[in-house]
Amino acid sequence: MTAEGYAMKKYRPQDIEVKWQSFWEKEGYFKVSEDRFKEKYYLLEMYPYPSGKIHMGHVRNYAIGDVVARYKRMRGFNVLHPMGWDAFGMPAENAAIENNTHPAKWTYDNIDYMRSQLKRMGFSYDWGREIATCRPEYYKWEQLVFVRMFEQGLAYKKKTFVNWCDQCQTVLANEQVVDGCCWRHTDQEVVLKEMDSWFLKITDYVKELLEYCDKLPGWPERVLTMQKNWIGESHGAILRFPVVDSDHVIETFTTRQDTIYGATFLCFAPEHPLVRELTRGYPQEKEVDEFVERTLKVDTFMRTADWTVKEGVFTGRYCLNPATGEEIPIYVANFVLYEYGTGAIMAVPTHDQRDFDFAKKYGLPLRVVIKPPDTDLPEDEMTEAYVDEGVLVNSGPFDGMPNMEALDSIIEYLEKKGMGYKTVNYRLKDWGISRQRYWGAPIPIVHCPECGEVPVPEDQLPVVLPLDLDLKEGGKSPLPFAPSFYETDCPRCGRPAKRETDTMDTFVESSWYFDRFASPRYDEGPFKKEEVGYWMPVDQYIGGIEHAILHLLYSRFYTKVLRDMGYLGIAEPFTNLLTQGMVCKETFRCREHGYLYPEEVKDGRCTHCGKEIEIGSSVKMSKSTRNVIDPQDLIDRYGADTVRMFCLFASPPERDLEWSDEGVEGAWRFINRVWRFIEENRELLSRMMPYDGLQEIPPDLRDIHRKTHQSIKKVTEDIEDRFHFNTAISAIMELLNTVNQFLNTNDEITEVAWSVIKEATEIMVVLLHPIVPHVTEELWAALGHEESLAKVPWPEYREESLAKESRLIVIQVNGKLRSRIEVPVSLTEEEIRKKALADERIQRFVADKEIKKVIVVRNKLVNVVV
RNA sequence: GCCUGGGUGGCGGAAUUGGUAGACGCAAGGGACUUAAAAUCCCUCGGUCCUAGUGGCUGUGCGGGUUCGAUUCCCGCCCCAGGCACCA
């Protein structure tokens with residue numbers, strides 16, 4: 001019992017959080033629709049894969065997003081803040097095998113549980129727009145878009161060498177291969193396999209994708225750099241090498257056409273179709289076949305790793321160097337990539353290190369064609385290739401020309417002779433979307449023996465993924481074994497035909513889900529034009545840096561395709577992008593039991609064997625290193641507000657977040673401090689009117705008032721300009737400290753003082769609301785308000801309230817801090833200079849020395865140079 | 001090897017435009033309250049030296065430079081993290 005005679009309420013998050021969550025939901029606060037009279041703001045966080053339960057990475061990502069969503073609402077924006085599920089994918093199949101359940105059941109159960117967890121966190125989503133990509137109502141439209149793309153030639157099938165994982169029994173995109181192994185099974189070496197696959201022609205859009213990298217000022221520079229490098233534009237030329245005793249001409253791509261006179265041999269990639277043709281009937285045929293077969297067994301990564309020995313074999317054939325007319329030998333080499341350029345290279349051993357290594361190994365001739373500026377370069381003394389600039393030699397009409405200038409001249413010369421042309425090459429490859437998996441969206445194509453590949457007509461979509469099938473042995477897809485699925489009639493000729501049994505890469509679903517959120521229930525097309533036109537593009541997208549390339553590049557591509565089909569009126573999906581860092585924690589390791597979960601460690605010892613544990617460095621939280629914290633435990637113990645506050649306070653979003661048990665405790669304590677402060681003074685505070693800044697008040701109260709308005713300014717700018725919630729929270733902590741200090745140091749608190757404190761208190765609660773929405777709603781009510789805090793507008797600071805009549809000036813001598821003086825802000829520079837020089841402590845330092853210079857920075861500092 | 005970030009107390013971090021280095025929080029130490037503990041509150045808290053002060057020196061990975069003044073800009077180097085991998 002306090003002096004006022006009522007029981008002080010203790011902060012019990014479990015009681016208040018669920019209460020406010022159901023209040024918001026009941027009132028429909030976060031439901032939105034198009035409103036021409038309000039400015040829209042589309043805030044999106046990357047939707048999760050429903051893996052079972054939410055993890056700290058989700059919590060951090062969504063806490064950041066929720067602050068922005070709630071803040072923008074308080075600022076009067078019409079905020080679209082949706083949530084959904086990236087619901088197709090392999091883990092569902094793996095779990096199905098392990099737990100003897102169906103991927104669909106596993107997925108939907110997980111969605112239900114994770115939705116309840118997200119709701120328990122108090123995130124302000126418009127749940128009425130929830131989507132799950134595994135529902136036919138969603139993938140129906142994806143199939144429709146695929147059909148359109150097929151009709152326009154943007155989706156096509158081709159035979160390719162693909163990365164094959166024996167464990168997944170599926171194809172992996174090149175990007176999904178990590179260290180030569182499957183990115184999901186890091187101990188499974190990926191093998192090359194020839195297979196029919198569906199591709200989307202992202203290369204048709206390569207120029208625009210690259211160009212627009214410079215038109216996305218709201219994206220982090222590093223993400224754009226990574227995308228540019230991934231696209232990999234390079235300017236060069238195609239050069240033609242006619243084969244001796246043959247009609248064939250080999251095309252090679254090079255960026256170094258200036259070195260053409262030094263090309264002394266040519267290399268094919270092992271996959272190149274001409275290899276077989278040119279060697280047929282030649283003595284080298286068998287040896288070449290063996291080499292190709294052997295090399296292709298090794299996957300691309302291993303084959304081309306820099307520590308792999310460069311190997312090759314002579315084909316027995318020769319071609320003509322288009323510049324010199326000389327006959328040069330043709331080789332097949334392991335380091336040449338079929339996927340890049342034309343799959344064949346001209347080799348200039350004197351000016352390319354790889355070619356040099358290869359030439360040395362097989363005793364091939366060297367010819368220097370670029371002379372270094374100050375020295376001669378005899379071929380027989382070279383120990384490495386000369387890759388720098390110089391002047392051309394041994395280059396016919398181009399002798400004496402600086403090599404960089406010759407780039408254009410040489411290609412013009414060869415072009416006239418019909419031996420080549422200038423071109424731009426890209427590293428980006430078409431997007432392979434075929435998956436030999438069950439749990440994905442079926443590719444809507446029918447294979448007819450008469451008509452070939454026929455798209456499923458629009459009125460027959462969706463091709464529903466049958467749920468009454470079970471995975472085959474080893475996790476293989478049941479679709480190719482299910483006549484009920486694949487047996488059909490050709491939509492064109494009506495004869496018996498077979499459905500495509502491949503399903504789509506889940507990156508396809510995530511390439512347009514943000515559009516679908518704008519009209520999630522529309523059933524006459526992928527989206528309703530007015531709705532998607534109102535909401536798109538996403539104003540702020542927030543997600544992990546790990547998606548910097550694939551997901552974001554595919555989404556950009558897909559947006560441009562949908563634009564060209566007339567569905568969208570925009571060129572880019574995400575105006576602003578925030579990439580947040582990872583959540584990290586130290587690892588615990590027992591000599592006997594390996595990595596341990598935090599709960600398996602007690603007093604620095606393993607709970608299984610009592611051995612002392614080793615504490616490893618802090619790395620990304622993951623199941624494999626077991627350094628994970630379950631957010632659910634924290635919610636149960638501290639409540640959602642504390643978890644949110646910790647995630648936001650511990651570090652700025654773009655940096656990695658260092659996990660700390662004590663840090664959570666600190667967030668909990670701060671919320672309790674705010675709670676206690678208001679509870680203890682509730683009686684007085686609730687009946688007091690907040691100070692409005694107009695009437696004259698004593699200086700110590702003016703300090704509190706000023707601090708209040710400084711806090712508004714600081715918190716607003718930190719959220720608005722840079723998402724630095726950690727410093728925003730610090731500012732609010734300082735405000736509370738200021739008020740507490742005042743109460744602790746003054747015995748008698750006047751009415752006016754209480755009204756100034758009331759203002760500070762209300763501002764504190766309002767500023768904290770986007771960060772810790774539940775406790776602030778409760779406190780807002782405790783302060784006597786009847787309307788929900790979620791409906792209160794964001795406060796504006798008063799410029800006049802920030803004004804100070806005096807200012808602290810620091811005085812330096814030779815750049816070293818020596819004294820501080822408080823001066824009225826009205827003082828001129830000259831007056832400040834005089835005051836500074838007159839300062840007693842400064843006098844001591846400059847006493848017998850000559851003053852050379854005095855620098856005055858108004859309202860900041862004086863530096864006396866002696 | 002290349003590209004991109006980063007390196008600040010015992011720890012997470014702050015210093016936003018070249019102007020008081022270490023805000024705010026955590027941990028630690030001391031004290032108050034308590035029968036006791038928890039909770040809470042108060043004080044100290046980069047290093048070092050002394051005459052103990054509104055003290056001196058030193059200090060933002062290392063070495064230089066520019067500047068009256070550098071965590072911030074420039075050059076060279078070291079270390080850490082992430083991405084890429086013979087790209088012709």
# chains A, B, ... in the order shown; residues from 1 in each chain; ligands from 1
>>> residues_around(residues="A:Tyr691", least_positions_apart="2", cutoff="6 Å", atoms="only C-alpha atoms (C1' of nucleotides)", output="MDAnalysis selection string")
chainID A and resid 693 755:756 759
>>> closest_residue(among="A:Lys707, A:Arg563, A:His724, A:Lys286", to="chain B", atoms="only C-alpha atoms (C1' of nucleotides)")
A:His724
>>> interface_residues(of="chain B", to="chain A", cutoff="8 Å", atoms="only C-alpha atoms (C1' of nucleotides)", output="list in words")
U4, G12, G13, A14, G19, U20, A23, C24, G25, C26, U54, C68, G69, G83, A85, C86, C87 and A88 of chain B
>>> write_last_selection(atoms="C-alpha atoms (C1' of nucleotides)", output="mmCIF file, in the first residue's frame")
data_model
loop_
_atom_site.group_PDB
_atom_site.id
_atom_site.type_symbol
_atom_site.label_atom_id
_atom_site.label_comp_id
_atom_site.auth_asym_id
_atom_site.auth_seq_id
_atom_site.Cartn_x
_atom_site.Cartn_y
_atom_site.Cartn_z
ATOM 1 C "C1'" U B 4 31.742 -5.795 -49.545
ATOM 2 C "C1'" G B 12 26.483 -4.530 -26.309
ATOM 3 C "C1'" G B 13 26.970 -0.027 -28.234
ATOM 4 C "C1'" A B 14 27.031 6.114 -28.710
ATOM 5 C "C1'" G B 19 34.876 20.098 -32.995
ATOM 6 C "C1'" U B 20 34.038 17.698 -25.113
ATOM 7 C "C1'" A B 23 25.693 8.697 -24.323
ATOM 8 C "C1'" C B 24 22.310 4.692 -22.961
ATOM 9 C "C1'" G B 25 22.376 -0.174 -21.176
ATOM 10 C "C1'" C B 26 24.881 -4.554 -19.126
ATOM 11 C "C1'" U B 54 37.356 21.705 -12.685
ATOM 12 C "C1'" C B 68 44.163 24.836 -35.161
ATOM 13 C "C1'" G B 69 41.653 20.143 -34.141
ATOM 14 C "C1'" G B 83 29.850 -12.779 -50.366
ATOM 15 C "C1'" A B 85 35.414 -18.421 -57.010
ATOM 16 C "C1'" C B 86 39.938 -19.842 -62.886
ATOM 17 C "C1'" C B 87 34.200 -15.078 -65.685
ATOM 18 C "C1'" A B 88 38.131 -15.614 -70.992
#
>>> select_by_dssp(residues="stretch 48-289 of chain A", states="helix (DSSP H, G or I)", output="ChimeraX atom specification")
/A:56-74,90-99,103-120,127-129,136-151,174-176,202-215,221-231,257-262,273-279,285-289
>>> atom_distance(atom1="atom CA of A:Glu822", atom2="atom CA of A:Arg858")
12.7 Å
>>> closest_residue(among="A:Gly475, A:Gly28, A:Pro537, A:Pro653", to="A:Glu98", atoms="only C-alpha atoms")
A:Gly475
>>> residues_around(residues="A:Gln117", least_positions_apart="2", cutoff="8 Å", atoms="only C-alpha atoms (C1' of nucleotides)", output="MDAnalysis selection string")
chainID A and resid 53:54 113:115 119:121 632
>>> residues_around(residues="A:Ala790", least_positions_apart="2", cutoff="9 Å", atoms="only C-alpha atoms (C1' of nucleotides)", output="VMD selection string")
chain A and resid 24 29 70 73 to 74 769 to 770 773 777 787 to 788 792 to 793
